[in-house]
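A.B. asks: Supplied in structure tokens, the structure appears directly below.
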Amino acid sequence: MDSAVTFEPSVVLKDLRATRRRQRIIDFDPFEALYRAYVTAIVATISVLLLSGVTGDTRLPKASLDSIRLHGGPWVGLAVALVFAVGLRSGGRGGPLVVEAADVRHVLLAPIDRGVALRAPAIRQLRFLLLASAVSGGIAGLLTEKRMAGATLAWVATDAAVAALTVVGGFGLALLVSGHRLGRWIGGILAIAVLGWSAADVRAGSVTSPASMLGRLALAPLAFHAIDLIGAAVAVAALVLGLLGVGGTSLEASERRAGLVGQIRFAATLQDLRTVIVLRRQLAQELPRQRPWLRMPRAIPKSWLAAGFDVDRARPPRRRWFPVWRRGWHGLLRWPGLRLARIAVLGAVAGFCLVAVWNGTAPLIVVAALALYMAALDVTEPLAQEVDHPDRALSYDVAAGELHLRLVGPSALLMVLVGGVAILAACAITGFSTTTWQLGAVMVVPAVLCALGAGAMSVVKGPPPAFSPQTVLIPEVAGMRAVGRLLWPPIMCVIGLLPILSARSAAHQHKSVLLAAVSLEQLVLVVAVFGLAWIRYQEDAHIWWAKQMEEAKMTGGRGGTAGTTARGGPSRST
């Protein structure tokens, strides 16, 4: 009788995963992968060269370099602290690991150490994050070298290393919080503490937090401080401790994340941006408030309804409120405080980036545009809720386009407030310069309307229809159309911010800054009006086009029959 053979569970799990990996790549075409990598490398290289070309050839003056050398570290550290805070918040909600549903239901429930089962997916996810962060940091270093003194290789290597260490620290902190199951409240409190510590460094002009040390390490080509290596050591230590305690991750949280992330990936492949946003909020457990922050007054007093007042026979109330306006504001007033803070931060980021654009770093206009675009996707929530329930609009005696345009009203006012936050952030950096607030006052309304139109277009369009003409196009044309469909809304946001480049050029030529900005605002207003008009009439245009195609088919059918009859002889009739 053969003796029983025992297997080490970790070895068996490793073999099973290797077998599954081989099965997945059995139809892998290396030439196709090389072609994709080749095309991606070409596009990335051209993009980097274009960005580095428009940054500007002029170096910063010595006074600006000295100011960055003394005070730049805490400001960069504030961005590092934001990544750490995101990691802490993700860990409080069961992140950051994304494990496949099969692993959750079978591997994590098997008689095997959960730390061993989760450590390999964590390392695999970390490898991808390190690659993406290092490449992004290297590109940032290449663009920074165009403006500051130092060797190109030093800037690229330093910023790539700091970006990787930042991701390492955030990922490690998330693993620590989730592995020890500290929960949402403790994770949120720790995130606020990390941000507050870095904000205190910015306020005091000191470098005491690990995030500020990493931020000053990013400026090492200007001035190197050995103490900044403590920040790197803290980030690596957080990762090591997180990997050691990864086995404590909640099984329920892992299963929940596996299901939601799978749905997000599927929605992303369908270009369904609205579904991605909704699933991301579920992933972050971002729930609306049960009661709004404040209630809007009613069109008919509640006491009349309670007393059985006959509204039809009575004189209508003197005060008339727009029901769509009220419903939109009630939806926005049910936002959790975290979402309000997020759009305020996005507005501040846009303001900071526009100040940098004014000072010569032109590529940051793309970052400012993306910040406003992300804020617009949040702000258009009333419109998105209506689009999510298309059957409800059929009971209204209002055209769909008109209803969509009315729902944009509260969002437009809230986007103006976001623009006001951007102006305040820019003024805070520039010492409330007269040029800053005057230029901001000229740009704010057209810019936020462009961003609002872009966000509303993304929400209304939704994914491409399953049987649309796009599906029968050749792959090259269909791919270009899909890319244009995704890129046009961010391009609209960039167009809304172009007047700052015109104003900067006028300032260099000692001309009127406001006149240069106003002259370009005409183009911005045209783009903004186009976006709002598209929201109003796109449904009518689709209906008109469908009718025209149907009439063309019917006319073509009758014409074809008549022609056949004429060629074949007179038709017979009885």
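Ordering of the structure tokens sets the chain letters (A, B, ...); residue numbers start at 1 within each chain; ligands are numbered from 1 in the order shown.
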Need to verify the contact set: Ala134 of chain A, 7 Å, only C-alpha atoms, exclusion of same-chain residues closer than 5 positions in sequence. Can you return it as a short mmCIF file (atom, residue, chain, number, x, y, z; two decimals) with all heavy atoms, in the first residue's frame?
C.D. replies:
```
data_model
loop_
_atom_site.label_atom_id
_atom_site.label_comp_id
_atom_site.auth_asym_id
_atom_site.auth_seq_id
_atom_site.Cartn_x
_atom_site.Cartn_y
_atom_site.Cartn_z
N ALA A 160 11.28 59.89 -10.43
CA ALA A 160 10.74 58.54 -10.60
C ALA A 160 10.82 57.76 -9.29
O ALA A 160 9.88 57.06 -8.91
CB ALA A 160 11.50 57.81 -11.70
N ALA A 161 11.95 57.90 -8.58
CA ALA A 161 12.11 57.19 -7.30
C ALA A 161 11.14 57.72 -6.26
O ALA A 161 10.52 56.94 -5.50
CB ALA A 161 13.55 57.34 -6.81
N ALA A 163 8.22 59.21 -6.79
CA ALA A 163 6.87 58.78 -7.14
C ALA A 163 6.64 57.32 -6.75
O ALA A 163 5.57 56.96 -6.22
CB ALA A 163 6.64 58.98 -8.64
N ALA A 164 7.62 56.47 -6.99
CA ALA A 164 7.50 55.07 -6.61
C ALA A 164 7.40 54.92 -5.09
O ALA A 164 6.59 54.14 -4.58
CB ALA A 164 8.67 54.27 -7.16
#
```
A.B. asks: Which residues are close to Cys427 of chain A, i.e. within 10 Å by only C-alpha atoms, leaving aside same-chain residues fewer than 4 positions away? Reply as a list in words.
C.D. replies: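 Once the adjacent positions are removed, what remains is Gly351, Phe352, Val355, Val421, Ala422, Ile423, Gly431, Phe432, Ser433, Thr434, Thr435, Thr436, Trp437 and Gly440 of chain A.
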A.B. asks: Go through segment 108-193 of chain A residue by residue and, counting only C-alpha atoms, keep those with an atom at most 10 Å from segment 63-78 of chain A; for each kept residue give the shortest atom pair and its distance in Å to one decimal, ordered by chain and increasing number, as a tab-separated table.
C.D. replies:
```
residue	atom	partner	partner_atom	distance
A:Arg147	CA	A:Leu65	CA	9.5
A:Met148	CA	A:Leu65	CA	7.2
A:Ala149	CA	A:Leu65	CA	8.3
A:Thr166	CA	A:Gly77	CA	9.7
```
A.B. asks: For the residues in that selection, give me N, CA and C atoms as a CSV table (one decimal), in the first residue's frame.
C.D. replies:
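Contents of the output file again-v6.csv:
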```
chain,number,residue,atom,x,y,z
A,147,ARG,N,12.6,73.7,-16.7
A,147,ARG,CA,12.4,75.0,-16.0
A,147,ARG,C,13.5,75.2,-14.9
A,148,MET,N,14.1,74.2,-14.4
A,148,MET,CA,15.0,74.3,-13.2
A,148,MET,C,16.4,73.9,-13.6
A,149,ALA,N,17.3,74.2,-12.8
A,149,ALA,CA,18.7,73.9,-13.0
A,149,ALA,C,18.9,72.4,-12.6
A,166,THR,N,6.3,57.1,-3.0
A,166,THR,CA,5.0,57.6,-2.6
A,166,THR,C,3.9,56.6,-2.7
```
A.B. asks: With distances taken over only C-alpha atoms, which residue among A:Trp155, A:Trp293, A:Trp534, A:Trp488 lies nearest Ala218 of chain A?
C.D. replies: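 Checking each candidate against Ala218 of chain A, we get A:Trp155 as the closest.
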A.B. asks: If we count only C-alpha atoms and set the cut-off at 10 Å, which residues sit around Leu417 of chain A, ignoring sequence neighbours fewer than 2 positions away in its own chain? Please answer as a ChimeraX atom specification.
C.D. replies: /A:343-344,347,411-415,419-423,444-445,448
A.B. asks: With N, CA and C atoms retained, write the just-selected residues as a PDB file, in the first residue's frame.
C.D. replies:
```pdb
ATOM      1  N   ILE A 343     -14.867  67.993  -4.302  1.00  0.00           N
ATOM      2  CA  ILE A 343     -14.972  68.977  -5.375  1.00  0.00           C
ATOM      3  C   ILE A 343     -14.278  70.276  -4.984  1.00  0.00           C
ATOM      4  N   ALA A 344     -14.245  70.596  -3.680  1.00  0.00           N
ATOM      5  CA  ALA A 344     -13.493  71.780  -3.255  1.00  0.00           C
ATOM      6  C   ALA A 344     -11.996  71.581  -3.482  1.00  0.00           C
ATOM      7  N   GLY A 347     -11.292  71.958  -7.143  1.00  0.00           N
ATOM      8  CA  GLY A 347     -11.234  73.364  -7.511  1.00  0.00           C
ATOM      9  C   GLY A 347      -9.926  74.012  -7.098  1.00  0.00           C
ATOM     10  N   SER A 411     -26.558  72.549 -11.038  1.00  0.00           N
ATOM     11  CA  SER A 411     -25.161  72.150 -11.233  1.00  0.00           C
ATOM     12  C   SER A 411     -24.306  73.311 -11.703  1.00  0.00           C
ATOM     13  N   ALA A 412     -24.872  74.187 -12.551  1.00  0.00           N
ATOM     14  CA  ALA A 412     -24.114  75.339 -13.039  1.00  0.00           C
ATOM     15  C   ALA A 412     -23.749  76.264 -11.888  1.00  0.00           C
ATOM     16  N   LEU A 413     -24.688  76.501 -10.987  1.00  0.00           N
ATOM     17  CA  LEU A 413     -24.386  77.372  -9.854  1.00  0.00           C
ATOM     18  C   LEU A 413     -23.331  76.752  -8.949  1.00  0.00           C
ATOM     19  N   LEU A 414     -23.409  75.445  -8.737  1.00  0.00           N
ATOM     20  CA  LEU A 414     -22.408  74.788  -7.901  1.00  0.00           C
ATOM     21  C   LEU A 414     -21.035  74.792  -8.574  1.00  0.00           C
ATOM     22  N   MET A 415     -20.998  74.668  -9.901  1.00  0.00           N
ATOM     23  CA  MET A 415     -19.716  74.734 -10.600  1.00  0.00           C
ATOM     24  C   MET A 415     -19.106  76.127 -10.504  1.00  0.00           C
ATOM     25  N   GLY A 419     -15.430  77.108  -9.190  1.00  0.00           N
ATOM     26  CA  GLY A 419     -14.528  78.085  -9.785  1.00  0.00           C
ATOM     27  C   GLY A 419     -14.103  79.148  -8.803  1.00  0.00           C
ATOM     28  N   GLY A 420     -15.015  79.543  -7.891  1.00  0.00           N
ATOM     29  CA  GLY A 420     -14.632  80.492  -6.856  1.00  0.00           C
ATOM     30  C   GLY A 420     -13.566  79.935  -5.925  1.00  0.00           C
ATOM     31  N   VAL A 421     -13.646  78.647  -5.613  1.00  0.00           N
ATOM     32  CA  VAL A 421     -12.599  78.018  -4.803  1.00  0.00           C
ATOM     33  C   VAL A 421     -11.260  78.059  -5.540  1.00  0.00           C
ATOM     34  N   ALA A 422     -11.298  77.833  -6.851  1.00  0.00           N
ATOM     35  CA  ALA A 422     -10.060  77.905  -7.640  1.00  0.00           C
ATOM     36  C   ALA A 422      -9.455  79.306  -7.598  1.00  0.00           C
ATOM     37  N   ILE A 423     -10.310  80.334  -7.671  1.00  0.00           N
ATOM     38  CA  ILE A 423      -9.802  81.706  -7.609  1.00  0.00           C
ATOM     39  C   ILE A 423      -9.185  81.987  -6.244  1.00  0.00           C
ATOM     40  N   VAL A 444     -13.835  82.684 -14.979  1.00  0.00           N
ATOM     41  CA  VAL A 444     -14.467  81.638 -14.180  1.00  0.00           C
ATOM     42  C   VAL A 444     -15.756  81.126 -14.812  1.00  0.00           C
ATOM     43  N   VAL A 445     -16.653  82.009 -15.234  1.00  0.00           N
ATOM     44  CA  VAL A 445     -17.957  81.548 -15.730  1.00  0.00           C
ATOM     45  C   VAL A 445     -17.827  80.778 -17.045  1.00  0.00           C
ATOM     46  N   VAL A 448     -16.076  77.270 -16.288  1.00  0.00           N
ATOM     47  CA  VAL A 448     -16.882  76.265 -15.585  1.00  0.00           C
ATOM     48  C   VAL A 448     -18.058  75.823 -16.445  1.00  0.00           C
TER      49      VAL A 448
END
```
A.B. asks: Pick from A:Arg203, A:Arg256, A:Arg89, A:Arg216: nearest to Arg181 of chain A, with only C-alpha atoms counted?
C.D. replies: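 Smallest distance to Arg181 of chain A is found for A:Arg89.
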A.B. asks: From the options A:Val207, A:Val324, A:Leu88, A:Met492, which residue's atoms come nearest to Glu402 of chain A, counting only C-alpha atoms?
C.D. replies: A:Val324
A.B. asks: Using only C-alpha atoms, which residues sit within 8 Å of Met296 of chain A once same-chain residues fewer than 6 positions away are excluded, as an NGL selection string?
C.D. replies: :A and (326 or 329-330)
A.B. asks: Fewer than 4 positions away in the same chain doesn't count, so skip those; otherwise give me all residues within 12 Å of Gly328 of chain A, counting only C-alpha atoms, as a ChimeraX atom specification.
C.D. replies: /A:292,295-296,322-324,332-335,379-386,403-414
A.B. asks: So which residues of segment 74-192 of chain A fall under helix (DSSP H, G or I) by DSSP, listed as a PyMOL selection string?
C.D. replies: chain A and resi 74-92+101-107+114-145+152-179+183-192
A.B. asks: Could you tell me how far atom CA of Lys14 of chain A lies from atom CA of Ala132 of chain A, in Å and to one decimal?
C.D. replies: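 Those two atoms sit 26.0 Å apart.
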A.B. asks: Would you kindly return, as a list of chain:residue names, each protein, DNA or RNA residue with an atom no farther than 12 Å from any atom of Arg342 of chain A, considering only C-alpha atoms and excluding same-chain residues fewer than 6 positions away?
C.D. replies: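 Skipping anything fewer than 6 positions along the chain leaves A:Leu82, A:Val86, A:Glu286, A:Trp335, A:Pro336, A:Ala348, A:Val349, A:Ala371, A:Leu372, A:Met374, A:Ala375, A:Ala376, A:Leu377, A:Asp378, A:Val379, A:Val418, A:Val421.
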A.B. asks: Could the residues in this selection be saved with N, CA, C and O atoms as a PDB file, in the first residue's frame?
C.D. replies:
```
ATOM      1  N   LEU A  82      -1.462  63.539   0.345  1.00  0.00           N
ATOM      2  CA  LEU A  82      -2.773  63.216  -0.224  1.00  0.00           C
ATOM      3  C   LEU A  82      -2.823  61.764  -0.687  1.00  0.00           C
ATOM      4  O   LEU A  82      -3.833  61.073  -0.490  1.00  0.00           O
ATOM      5  N   VAL A  86      -5.289  58.875   0.814  1.00  0.00           N
ATOM      6  CA  VAL A  86      -6.141  58.010  -0.020  1.00  0.00           C
ATOM      7  C   VAL A  86      -5.903  56.546   0.333  1.00  0.00           C
ATOM      8  O   VAL A  86      -6.846  55.746   0.412  1.00  0.00           O
ATOM      9  N   GLU A 286     -19.641  55.484  -0.438  1.00  0.00           N
ATOM     10  CA  GLU A 286     -20.014  56.894  -0.388  1.00  0.00           C
ATOM     11  C   GLU A 286     -21.525  56.986  -0.543  1.00  0.00           C
ATOM     12  O   GLU A 286     -22.060  57.108  -1.641  1.00  0.00           O
ATOM     13  N   TRP A 335     -25.666  65.223  -0.623  1.00  0.00           N
ATOM     14  CA  TRP A 335     -24.297  64.744  -0.764  1.00  0.00           C
ATOM     15  C   TRP A 335     -23.655  64.547   0.595  1.00  0.00           C
ATOM     16  O   TRP A 335     -23.867  65.349   1.519  1.00  0.00           O
ATOM     17  N   PRO A 336     -22.838  63.519   0.747  1.00  0.00           N
ATOM     18  CA  PRO A 336     -22.032  63.416   1.978  1.00  0.00           C
ATOM     19  C   PRO A 336     -20.963  64.505   2.003  1.00  0.00           C
ATOM     20  O   PRO A 336     -20.565  65.050   0.959  1.00  0.00           O
ATOM     21  N   ALA A 348      -9.435  73.684  -5.890  1.00  0.00           N
ATOM     22  CA  ALA A 348      -8.150  74.229  -5.445  1.00  0.00           C
ATOM     23  C   ALA A 348      -7.003  73.740  -6.312  1.00  0.00           C
ATOM     24  O   ALA A 348      -6.082  74.504  -6.636  1.00  0.00           O
ATOM     25  N   VAL A 349      -7.046  72.459  -6.709  1.00  0.00           N
ATOM     26  CA  VAL A 349      -6.000  71.926  -7.594  1.00  0.00           C
ATOM     27  C   VAL A 349      -5.993  72.677  -8.917  1.00  0.00           C
ATOM     28  O   VAL A 349      -4.929  73.022  -9.458  1.00  0.00           O
ATOM     29  N   ALA A 371      -9.094  68.337 -13.555  1.00  0.00           N
ATOM     30  CA  ALA A 371      -9.675  68.567 -12.228  1.00  0.00           C
ATOM     31  C   ALA A 371     -11.081  69.141 -12.348  1.00  0.00           C
ATOM     32  O   ALA A 371     -12.013  68.700 -11.653  1.00  0.00           O
ATOM     33  N   LEU A 372     -11.271  70.124 -13.234  1.00  0.00           N
ATOM     34  CA  LEU A 372     -12.604  70.684 -13.435  1.00  0.00           C
ATOM     35  C   LEU A 372     -13.549  69.651 -14.056  1.00  0.00           C
ATOM     36  O   LEU A 372     -14.744  69.614 -13.731  1.00  0.00           O
ATOM     37  N   MET A 374     -13.457  66.352 -13.628  1.00  0.00           N
ATOM     38  CA  MET A 374     -13.865  65.420 -12.570  1.00  0.00           C
ATOM     39  C   MET A 374     -14.877  66.062 -11.633  1.00  0.00           C
ATOM     40  O   MET A 374     -15.827  65.402 -11.185  1.00  0.00           O
ATOM     41  N   ALA A 375     -14.691  67.343 -11.329  1.00  0.00           N
ATOM     42  CA  ALA A 375     -15.681  68.037 -10.502  1.00  0.00           C
ATOM     43  C   ALA A 375     -17.028  68.114 -11.212  1.00  0.00           C
ATOM     44  O   ALA A 375     -18.087  67.948 -10.586  1.00  0.00           O
ATOM     45  N   ALA A 376     -17.008  68.355 -12.528  1.00  0.00           N
ATOM     46  CA  ALA A 376     -18.260  68.433 -13.290  1.00  0.00           C
ATOM     47  C   ALA A 376     -18.984  67.094 -13.318  1.00  0.00           C
ATOM     48  O   ALA A 376     -20.220  67.048 -13.279  1.00  0.00           O
ATOM     49  N   LEU A 377     -18.251  65.992 -13.379  1.00  0.00           N
ATOM     50  CA  LEU A 377     -18.896  64.677 -13.360  1.00  0.00           C
ATOM     51  C   LEU A 377     -19.627  64.447 -12.037  1.00  0.00           C
ATOM     52  O   LEU A 377     -20.662  63.769 -12.010  1.00  0.00           O
ATOM     53  N   ASP A 378     -19.094  64.987 -10.950  1.00  0.00           N
ATOM     54  CA  ASP A 378     -19.789  64.890  -9.665  1.00  0.00           C
ATOM     55  C   ASP A 378     -20.966  65.848  -9.597  1.00  0.00           C
ATOM     56  O   ASP A 378     -22.048  65.505  -9.106  1.00  0.00           O
ATOM     57  N   VAL A 379     -20.765  67.063 -10.095  1.00  0.00           N
ATOM     58  CA  VAL A 379     -21.762  68.114  -9.939  1.00  0.00           C
ATOM     59  C   VAL A 379     -23.010  67.824 -10.772  1.00  0.00           C
ATOM     60  O   VAL A 379     -24.118  68.219 -10.403  1.00  0.00           O
ATOM     61  N   VAL A 418     -17.299  76.127  -7.375  1.00  0.00           N
ATOM     62  CA  VAL A 418     -16.021  75.423  -7.535  1.00  0.00           C
ATOM     63  C   VAL A 418     -14.991  76.348  -8.181  1.00  0.00           C
ATOM     64  O   VAL A 418     -13.819  76.390  -7.773  1.00  0.00           O
ATOM     65  N   VAL A 421     -13.646  78.647  -5.613  1.00  0.00           N
ATOM     66  CA  VAL A 421     -12.599  78.018  -4.803  1.00  0.00           C
ATOM     67  C   VAL A 421     -11.260  78.059  -5.540  1.00  0.00           C
ATOM     68  O   VAL A 421     -10.206  78.307  -4.931  1.00  0.00           O
TER      69      VAL A 421
END
```
A.B. asks: For Leu525 of chain A, list every protein, DNA or RNA residue within 8 Å, evaluated using only C-alpha atoms, and leave out those in the same chain fewer than 3 positions away; present the list as a list in words.
C.D. replies: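 Here the answer would be Pro446, Cys450, Glu521, Gln522, Ala528 and Val529 of chain A.
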